[in-house]
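Engineer: Structure file work14.txt, compact mmCIF, C-alpha atoms and all ligand atoms, is pasted below:
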```
# COMPACT_ATOMS: atom_id res chain seq x y z
CA MET H 1 33.35 -0.87 -92.62
CA ALA H 2 30.45 1.29 -91.50
CA GLU H 3 29.85 4.11 -93.93
CA ASP H 4 29.52 6.77 -91.25
CA LEU H 5 32.58 8.84 -90.58
CA THR H 6 33.32 9.89 -87.02
CA ILE H 7 33.96 13.62 -87.18
CA VAL H 8 36.03 15.17 -84.40
CA LYS H 9 36.87 18.65 -83.20
CA GLY H 10 40.34 19.55 -81.97
CA SER H 11 43.68 20.54 -83.41
CA LYS H 12 44.42 19.92 -87.05
CA LYS H 13 46.76 17.08 -86.03
CA GLU H 14 44.07 15.47 -83.87
CA GLN H 15 41.56 15.72 -86.68
CA TYR H 16 43.91 14.09 -89.17
CA GLU H 17 44.86 11.39 -86.67
CA MET H 18 41.24 10.47 -86.14
CA LEU H 19 40.59 10.53 -89.86
CA PHE H 20 43.58 8.47 -91.02
CA PRO H 21 42.50 5.04 -89.69
CA GLN H 22 38.99 5.65 -90.98
CA ILE H 23 40.27 6.36 -94.50
CA LYS H 24 42.52 3.32 -94.22
CA ALA H 25 39.52 1.18 -93.30
CA LEU H 26 37.46 2.61 -96.17
CA LEU H 27 40.16 1.65 -98.67
CA GLU H 28 40.93 -1.78 -97.27
CA GLY H 29 39.91 -4.58 -99.61
CA GLU H 30 38.72 -2.17 -102.30
CA PRO H 31 40.95 -2.25 -105.39
CA ASP H 32 38.97 0.24 -107.46
CA LEU H 33 40.88 3.50 -107.82
CA ILE H 34 37.89 5.74 -108.56
CA ALA H 35 35.92 4.39 -105.58
CA ASN H 36 38.88 5.00 -103.29
CA LEU H 37 39.58 8.50 -104.58
CA ALA H 38 35.90 9.35 -104.18
CA ASN H 39 35.85 8.24 -100.55
CA ILE H 40 39.09 10.07 -99.70
CA ALA H 41 37.69 13.30 -101.17
CA ALA H 42 34.44 12.85 -99.26
CA ALA H 43 36.19 12.04 -95.97
CA LEU H 44 38.49 15.10 -96.18
CA LYS H 45 35.59 17.35 -97.12
CA GLU H 46 33.42 16.03 -94.31
CA GLN H 47 36.07 16.37 -91.59
CA PHE H 48 37.58 19.71 -92.61
CA ASN H 49 34.82 21.30 -94.66
CA PHE H 50 37.35 22.51 -97.20
CA HIS H 51 35.95 24.58 -100.06
CA TRP H 52 37.02 21.99 -102.62
CA VAL H 53 38.77 18.63 -102.36
CA GLY H 54 39.46 16.45 -105.34
CA PHE H 55 41.68 14.59 -107.68
CA TYR H 56 42.94 15.19 -111.18
CA ILE H 57 44.22 12.20 -113.13
CA VAL H 58 46.88 12.27 -115.85
CA ARG H 59 45.44 11.44 -119.26
CA GLY H 60 48.04 11.90 -121.98
CA ASN H 61 49.41 15.42 -121.73
CA GLU H 62 46.67 16.77 -119.48
CA LEU H 63 45.22 16.39 -116.03
CA VAL H 64 41.54 15.50 -116.18
CA LEU H 65 39.08 16.09 -113.35
CA GLY H 66 38.46 13.03 -111.19
CA PRO H 67 36.39 12.38 -108.06
CA PHE H 68 35.85 15.54 -106.02
CA GLN H 69 33.67 17.26 -103.45
CA GLY H 70 32.72 20.90 -103.79
CA PRO H 71 31.67 23.29 -106.53
CA VAL H 72 32.04 22.37 -110.20
CA ALA H 73 35.63 22.74 -111.41
CA CYS H 74 37.85 23.06 -114.47
CA THR H 75 37.98 19.73 -116.27
CA ARG H 76 41.41 19.86 -117.96
CA ILE H 77 44.76 21.30 -116.88
CA LYS H 78 47.92 21.20 -118.99
CA LEU H 79 51.35 20.13 -117.77
CA GLY H 80 53.01 23.04 -115.96
CA LYS H 81 49.83 25.11 -115.77
CA GLY H 82 48.35 26.36 -112.51
CA VAL H 83 49.16 24.90 -109.13
CA CYS H 84 48.09 21.39 -110.18
CA GLY H 85 50.07 21.38 -113.43
CA THR H 86 53.12 22.65 -111.55
CA ALA H 87 52.88 19.90 -108.92
CA TRP H 88 52.63 17.38 -111.77
CA GLU H 89 55.51 18.81 -113.82
CA GLN H 90 57.85 19.17 -110.84
CA ASN H 91 56.61 16.11 -108.94
CA SER H 92 56.58 18.31 -105.86
CA ILE H 93 54.04 19.36 -103.26
CA GLN H 94 52.75 22.91 -103.70
CA VAL H 95 51.58 24.87 -100.67
CA VAL H 96 50.08 28.19 -101.75
CA PRO H 97 49.07 30.55 -98.91
CA ASP H 98 47.56 33.11 -101.30
CA VAL H 99 46.47 31.88 -104.70
CA ASN H 100 46.53 35.43 -106.08
CA GLN H 101 50.30 35.43 -105.64
CA PHE H 102 50.83 32.18 -107.56
CA PRO H 103 51.75 32.97 -111.19
CA GLY H 104 49.34 31.19 -113.50
CA HIS H 105 46.97 30.02 -110.78
CA ILE H 106 43.81 28.65 -112.38
CA ALA H 107 40.81 30.17 -110.63
CA CYS H 108 38.10 27.53 -110.82
CA SER H 109 36.30 29.34 -108.01
CA SER H 110 36.64 32.95 -106.93
CA LEU H 111 36.17 31.81 -103.32
CA SER H 112 39.45 29.87 -103.24
CA LYS H 113 42.10 31.75 -101.27
CA SER H 114 44.75 29.13 -100.48
CA GLU H 115 45.56 25.75 -101.89
CA ILE H 116 47.66 22.62 -101.43
CA VAL H 117 48.43 20.13 -104.19
CA LEU H 118 50.18 16.79 -103.74
CA PRO H 119 51.44 14.84 -106.72
CA LEU H 120 50.48 11.16 -106.71
CA SER H 121 53.20 9.02 -108.13
CA ASN H 122 53.91 5.46 -108.97
CA LEU H 123 57.64 5.35 -108.19
CA THR H 124 58.75 8.33 -110.30
CA VAL H 125 55.81 8.68 -112.67
CA VAL H 126 53.10 11.10 -111.59
CA TRP H 127 49.65 9.70 -112.40
CA GLY H 128 47.51 12.33 -110.69
CA VAL H 129 47.26 15.00 -108.04
CA LEU H 130 45.24 15.66 -104.89
CA ASP H 131 44.09 19.28 -104.85
CA ILE H 132 42.55 21.01 -101.82
CA ASP H 133 41.27 24.58 -101.88
CA SER H 134 40.36 26.68 -98.86
CA SER H 135 38.18 29.77 -98.77
CA GLU H 136 40.61 31.25 -96.22
CA TYR H 137 44.17 32.46 -96.74
CA ALA H 138 47.11 30.38 -95.48
CA SER H 139 45.06 27.34 -94.47
CA PHE H 140 47.79 24.81 -95.18
CA ASP H 141 51.09 24.19 -93.40
CA ASP H 142 53.63 21.46 -92.70
CA GLU H 143 51.09 19.48 -90.71
CA ASP H 144 48.85 19.18 -93.79
CA VAL H 145 51.84 18.15 -95.86
CA ILE H 146 52.79 15.39 -93.41
CA GLN H 147 49.25 14.13 -92.89
CA LEU H 148 48.11 14.31 -96.50
CA LYS H 149 51.27 12.50 -97.65
CA ARG H 150 50.33 9.75 -95.23
CA ILE H 151 46.79 9.61 -96.60
CA VAL H 152 47.80 9.52 -100.28
CA SER H 153 50.37 6.81 -99.51
CA LEU H 154 47.35 4.54 -98.93
CA ILE H 155 46.30 4.82 -102.57
CA THR H 156 47.47 2.04 -104.83
CA PHE H 157 47.47 2.63 -108.53
CA GLU H 158 48.43 0.00 -111.07
CA GLN H 159 48.66 0.92 -114.72
N1 LIG E 201 43.46 26.10 -108.77
C1 LIG E 201 43.93 24.93 -109.47
C2 LIG E 201 42.91 24.43 -110.46
C3 LIG E 201 41.99 23.40 -109.94
S1 LIG E 201 40.79 24.01 -108.97
O1 LIG E 201 41.33 24.74 -107.84
C4 LIG E 201 39.74 22.85 -108.47
C5 LIG E 201 45.23 25.23 -110.17
O2 LIG E 201 45.67 26.38 -110.23
O3 LIG E 201 45.83 24.29 -110.67
```
For the structure just supplied, provide its representation as C-alpha cells.
Ligand code: SME

Structural biologist:
Amino acid sequence: MAEDLTIVKGSKKEQYEMLFPQIKALLEGEPDLIANLANIAAALKEQFNFHWVGFYIVRGNELVLGPFQGPVACTRIKLGKGVCGTAWEQNSIQVVPDVNQFPGHIACSSLSKSEIVLPLSNLTVVWGVLDIDSSEYASFDDEDVIQLKRIVSLITFEQ
C-alpha cells in the first residue's frame, strides 16, 4: 500500500466513500492495533481536516489517550464522564451538535464546538472510543454515524 492518501473534494458521502477503501488497504495485513488506530486518525484528519481526531483506550476504570491527530488532549477520562465516558458507559454513539450544551463535556480545547464519539466494542465489551471534534457547530450527522461505523468495523482488537 502506497503511503499517500488520495484526498478528494465533494459531498461528505463522496469523501467518506473515497476514504473507506484506502483505510481498508492501510489496515490490511497489519495486526498491530496502535499502528492501525494511528493511521485511521491520520487518514480522517487529512481528508476532513477535523480539529481533533483520536482514540481513547479502556485501561481499568478509565479511558486513556491513544493515537490521535490534533492539539494535545486530556489523557484520562473516567467512566461516564464527558462525551467519551458517556459513549463508553452506555455503549452508544454520541453526536453532540454543541458541546456547550452537553452536561459534563470535557473541554480539552476551547476551539471544539461539536463532537462525535463512537464506542469500539468487542461483542458487548467496550475497549475504546473514537472521538472527533470539530471547530464548527453541528458538523456531524447521520452520514458520519453510518460512515464512521463502517470505518471502525475494520478494526480488530483481540484481548
Ligand atoms: N471532549 C471529550 C474529551 C476528549 S477531547 O475532546 C479530545 C469529552 O467530553 O469526552

Engineer: Report as a PyMOL selection string all protein, DNA and RNA residues lying within 9 Å of Phe48 in chain H, evaluated on only C-alpha atoms, omitting residues in the same chain fewer than 6 positions from it.

Structural biologist: chain H and resi 7+12+15

Engineer: Between H:Gln47, H:Thr6, H:Ser92, H:Gln22, which is the closest to Gly128 in chain H once you count all atoms listed in the file?

Structural biologist: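 Among the listed residues, H:Ser92 lies closest to Gly128 in chain H.
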
Engineer: Residues of chain H that have any atom at most 8 Å from an atom of ligand LIG 201 (chain E): could you tabulate them with the shortest-distance atom pair and the distance in Å to one decimal, using all atoms listed in the file, ordered by chain and increasing number, as JSON lines?

Structural biologist:
```
{"residue": "H:Trp52", "atom": "CA", "partner": "E:LIG201", "partner_atom": "C4", "distance": 6.5}
{"residue": "H:Val53", "atom": "CA", "partner": "E:LIG201", "partner_atom": "C4", "distance": 7.5}
{"residue": "H:Gly54", "atom": "CA", "partner": "E:LIG201", "partner_atom": "C4", "distance": 7.1}
{"residue": "H:Val72", "atom": "CA", "partner": "E:LIG201", "partner_atom": "C4", "distance": 7.9}
{"residue": "H:Ala73", "atom": "CA", "partner": "E:LIG201", "partner_atom": "C4", "distance": 5.1}
{"residue": "H:Cys74", "atom": "CA", "partner": "E:LIG201", "partner_atom": "C3", "distance": 6.1}
{"residue": "H:Ile77", "atom": "CA", "partner": "E:LIG201", "partner_atom": "O3", "distance": 7.0}
{"residue": "H:Lys81", "atom": "CA", "partner": "E:LIG201", "partner_atom": "O3", "distance": 6.5}
{"residue": "H:Gly82", "atom": "CA", "partner": "E:LIG201", "partner_atom": "O2", "distance": 3.5}
{"residue": "H:Val83", "atom": "CA", "partner": "E:LIG201", "partner_atom": "O3", "distance": 3.7}
{"residue": "H:Cys84", "atom": "CA", "partner": "E:LIG201", "partner_atom": "O3", "distance": 3.7}
{"residue": "H:Gly85", "atom": "CA", "partner": "E:LIG201", "partner_atom": "O3", "distance": 5.8}
{"residue": "H:Thr86", "atom": "CA", "partner": "E:LIG201", "partner_atom": "O3", "distance": 7.5}
{"residue": "H:Val99", "atom": "CA", "partner": "E:LIG201", "partner_atom": "N1", "distance": 7.7}
{"residue": "H:Gly104", "atom": "CA", "partner": "E:LIG201", "partner_atom": "O2", "distance": 6.9}
{"residue": "H:His105", "atom": "CA", "partner": "E:LIG201", "partner_atom": "O2", "distance": 3.9}
{"residue": "H:Ile106", "atom": "CA", "partner": "E:LIG201", "partner_atom": "O2", "distance": 3.6}
{"residue": "H:Ala107", "atom": "CA", "partner": "E:LIG201", "partner_atom": "N1", "distance": 5.2}
{"residue": "H:Cys108", "atom": "CA", "partner": "E:LIG201", "partner_atom": "S1", "distance": 4.8}
{"residue": "H:Ser109", "atom": "CA", "partner": "E:LIG201", "partner_atom": "O1", "distance": 6.8}
{"residue": "H:Ser112", "atom": "CA", "partner": "E:LIG201", "partner_atom": "O1", "distance": 7.1}
{"residue": "H:Glu115", "atom": "CA", "partner": "E:LIG201", "partner_atom": "N1", "distance": 7.2}
{"residue": "H:Asp131", "atom": "CA", "partner": "E:LIG201", "partner_atom": "C4", "distance": 6.7}
{"residue": "H:Ile132", "atom": "CA", "partner": "E:LIG201", "partner_atom": "O1", "distance": 7.2}
{"residue": "H:Asp133", "atom": "CA", "partner": "E:LIG201", "partner_atom": "O1", "distance": 6.0}
```

Engineer: Counting all atoms listed in the file, which residue out of H:Phe102, H:Phe55, H:Tyr137, H:Phe157 sits closest to Ser121 in chain H?

Structural biologist: H:Phe157

Engineer: Do you have the CA of Gly80 in chain H-CA of Ser134 in chain H distance handy?

Structural biologist: 21.6 Å

Engineer: Calculated over all atoms listed in the file, which of the candidates H:Asp144, H:Glu62, H:Asp4, H:Asp32 has the smallest distance to Glu17 in chain H?

Structural biologist: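 For Glu17 in chain H, the nearest of the given residues is H:Asp144.
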
Engineer: Please determine, counting all atoms listed in the file, which residue among H:Leu44, H:Ile23, H:Ile146, H:Leu111 has the shortest atom-to-atom distance to Asp98 in chain H.

Structural biologist: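 Of H:Leu44, H:Ile23, H:Ile146, H:Leu111, the one nearest Asp98 in chain H is H:Leu111, counting all atoms listed in the file.
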
Engineer: Nearest to Glu158 in chain H among H:Pro31, H:Thr124, H:Asp141, H:Arg59, with distances taken over all atoms listed in the file: which residue is it?

Structural biologist: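 Closest to Glu158 in chain H of all the choices is H:Pro31.
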
Engineer: How many Å separate CA of Gly70 in chain H from CA of Pro103 in chain H?

Structural biologist: 23.7 Å

Engineer: So, with only C-alpha atoms as the atoms that count, which of H:Leu27, H:Met18, H:Val96, H:Pro67 lies closest to Ala42 in chain H?

Structural biologist: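 With only C-alpha atoms as the atom set, the closest residue is H:Pro67.
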
Engineer: Near Val58 in chain H, counting all atoms listed in the file, which residues have an atom at most 8 Å away, once you skip same-chain residues fewer than 3 positions from it, shown as a list in words?

Structural biologist: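 Counting only the stated atoms, we get Asn61, Glu62, Leu63, Val64, Val126, Trp127 and Gly128 of chain H.
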
Engineer: If the box runs along x, y and z of the file and leaves 3 Å on each side of range 150-156 of chain H, what are its centre and edge lengths in Å, one decimal, as JSON?

Structural biologist:
```
{"center_x": 48.3, "center_y": 5.9, "center_z": -100.0, "size_x": 10.1, "size_y": 13.7, "size_z": 15.6}
```

Engineer: Please compute the CA of Gly66 in chain H-CA of Pro119 in chain H distance, one decimal, in Å.

Structural biologist: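 Taking CA of Gly66 in chain H as the start and CA of Pro119 in chain H as the end point, the length is 13.8 Å.
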
Engineer: Using all atoms listed in the file, determine which residues lie at most 9 Å from Leu118 in chain H, disregarding the query and same-chain residues fewer than 4 positions distant; provide the list as a ChimeraX atom specification.

Structural biologist: /H:84,87-88,91-95,128-132,145,148-149,152

Engineer: Can range 67-90 of chain H be brought up to N, CA and C atoms and written out as a PDB file, in the coordinates of the input?

Structural biologist:
```
ATOM      1  N   PRO H  67      37.351  12.265-109.162  1.00  0.00           N
ATOM      2  CA  PRO H  67      36.390  12.380-108.060  1.00  0.00           C
ATOM      3  C   PRO H  67      36.698  13.618-107.204  1.00  0.00           C
ATOM      4  N   PHE H  68      35.658  14.354-106.851  1.00  0.00           N
ATOM      5  CA  PHE H  68      35.850  15.540-106.020  1.00  0.00           C
ATOM      6  C   PHE H  68      34.598  15.844-105.212  1.00  0.00           C
ATOM      7  N   GLN H  69      34.777  16.745-104.249  1.00  0.00           N
ATOM      8  CA  GLN H  69      33.670  17.260-103.450  1.00  0.00           C
ATOM      9  C   GLN H  69      33.780  18.774-103.462  1.00  0.00           C
ATOM     10  N   GLY H  70      32.705  19.446-103.762  1.00  0.00           N
ATOM     11  CA  GLY H  70      32.720  20.900-103.790  1.00  0.00           C
ATOM     12  C   GLY H  70      32.101  21.410-105.071  1.00  0.00           C
ATOM     13  N   PRO H  71      32.273  22.710-105.332  1.00  0.00           N
ATOM     14  CA  PRO H  71      31.670  23.290-106.530  1.00  0.00           C
ATOM     15  C   PRO H  71      32.270  22.704-107.809  1.00  0.00           C
ATOM     16  N   VAL H  72      31.544  22.846-108.901  1.00  0.00           N
ATOM     17  CA  VAL H  72      32.040  22.370-110.200  1.00  0.00           C
ATOM     18  C   VAL H  72      33.405  23.003-110.475  1.00  0.00           C
ATOM     19  N   ALA H  73      34.241  22.291-111.235  1.00  0.00           N
ATOM     20  CA  ALA H  73      35.630  22.740-111.410  1.00  0.00           C
ATOM     21  C   ALA H  73      36.089  22.582-112.846  1.00  0.00           C
ATOM     22  N   CYS H  74      37.235  23.184-113.146  1.00  0.00           N
ATOM     23  CA  CYS H  74      37.850  23.060-114.470  1.00  0.00           C
ATOM     24  C   CYS H  74      38.096  21.588-114.764  1.00  0.00           C
ATOM     25  N   THR H  75      37.849  21.160-115.985  1.00  0.00           N
ATOM     26  CA  THR H  75      37.980  19.730-116.270  1.00  0.00           C
ATOM     27  C   THR H  75      39.379  19.334-116.735  1.00  0.00           C
ATOM     28  N   ARG H  76      40.106  20.255-117.411  1.00  0.00           N
ATOM     29  CA  ARG H  76      41.410  19.860-117.960  1.00  0.00           C
ATOM     30  C   ARG H  76      42.477  20.905-117.630  1.00  0.00           C
ATOM     31  N   ILE H  77      43.638  20.418-117.221  1.00  0.00           N
ATOM     32  CA  ILE H  77      44.760  21.300-116.880  1.00  0.00           C
ATOM     33  C   ILE H  77      46.010  20.754-117.573  1.00  0.00           C
ATOM     34  N   LYS H  78      46.716  21.638-118.261  1.00  0.00           N
ATOM     35  CA  LYS H  78      47.920  21.200-118.990  1.00  0.00           C
ATOM     36  C   LYS H  78      49.139  21.124-118.081  1.00  0.00           C
ATOM     37  N   LEU H  79      50.090  20.299-118.499  1.00  0.00           N
ATOM     38  CA  LEU H  79      51.350  20.130-117.770  1.00  0.00           C
ATOM     39  C   LEU H  79      51.991  21.504-117.531  1.00  0.00           C
ATOM     40  N   GLY H  80      52.330  21.777-116.295  1.00  0.00           N
ATOM     41  CA  GLY H  80      53.010  23.040-115.960  1.00  0.00           C
ATOM     42  C   GLY H  80      52.067  24.196-115.718  1.00  0.00           C
ATOM     43  N   LYS H  81      50.770  24.005-115.943  1.00  0.00           N
ATOM     44  CA  LYS H  81      49.830  25.110-115.770  1.00  0.00           C
ATOM     45  C   LYS H  81      49.175  25.074-114.385  1.00  0.00           C
ATOM     46  N   GLY H  82      49.014  26.261-113.808  1.00  0.00           N
ATOM     47  CA  GLY H  82      48.350  26.360-112.510  1.00  0.00           C
ATOM     48  C   GLY H  82      49.126  25.637-111.420  1.00  0.00           C
ATOM     49  N   VAL H  83      48.510  25.547-110.272  1.00  0.00           N
ATOM     50  CA  VAL H  83      49.160  24.900-109.130  1.00  0.00           C
ATOM     51  C   VAL H  83      49.227  23.383-109.390  1.00  0.00           C
ATOM     52  N   CYS H  84      48.144  22.840-109.944  1.00  0.00           N
ATOM     53  CA  CYS H  84      48.090  21.390-110.180  1.00  0.00           C
ATOM     54  C   CYS H  84      49.106  20.967-111.242  1.00  0.00           C
ATOM     55  N   GLY H  85      49.144  21.717-112.353  1.00  0.00           N
ATOM     56  CA  GLY H  85      50.070  21.380-113.430  1.00  0.00           C
ATOM     57  C   GLY H  85      51.521  21.543-113.010  1.00  0.00           C
ATOM     58  N   THR H  86      51.767  22.456-112.077  1.00  0.00           N
ATOM     59  CA  THR H  86      53.120  22.650-111.550  1.00  0.00           C
ATOM     60  C   THR H  86      53.519  21.477-110.659  1.00  0.00           C
ATOM     61  N   ALA H  87      52.598  21.049-109.796  1.00  0.00           N
ATOM     62  CA  ALA H  87      52.880  19.900-108.920  1.00  0.00           C
ATOM     63  C   ALA H  87      53.179  18.656-109.764  1.00  0.00           C
ATOM     64  N   TRP H  88      52.430  18.510-110.846  1.00  0.00           N
ATOM     65  CA  TRP H  88      52.630  17.380-111.770  1.00  0.00           C
ATOM     66  C   TRP H  88      53.997  17.485-112.449  1.00  0.00           C
ATOM     67  N   GLU H  89      54.271  18.641-113.055  1.00  0.00           N
ATOM     68  CA  GLU H  89      55.510  18.810-113.820  1.00  0.00           C
ATOM     69  C   GLU H  89      56.741  18.631-112.921  1.00  0.00           C
ATOM     70  N   GLN H  90      56.668  19.200-111.720  1.00  0.00           N
ATOM     71  CA  GLN H  90      57.850  19.170-110.840  1.00  0.00           C
ATOM     72  C   GLN H  90      57.851  17.978-109.893  1.00  0.00           C
TER      73      GLN H  90
END
```
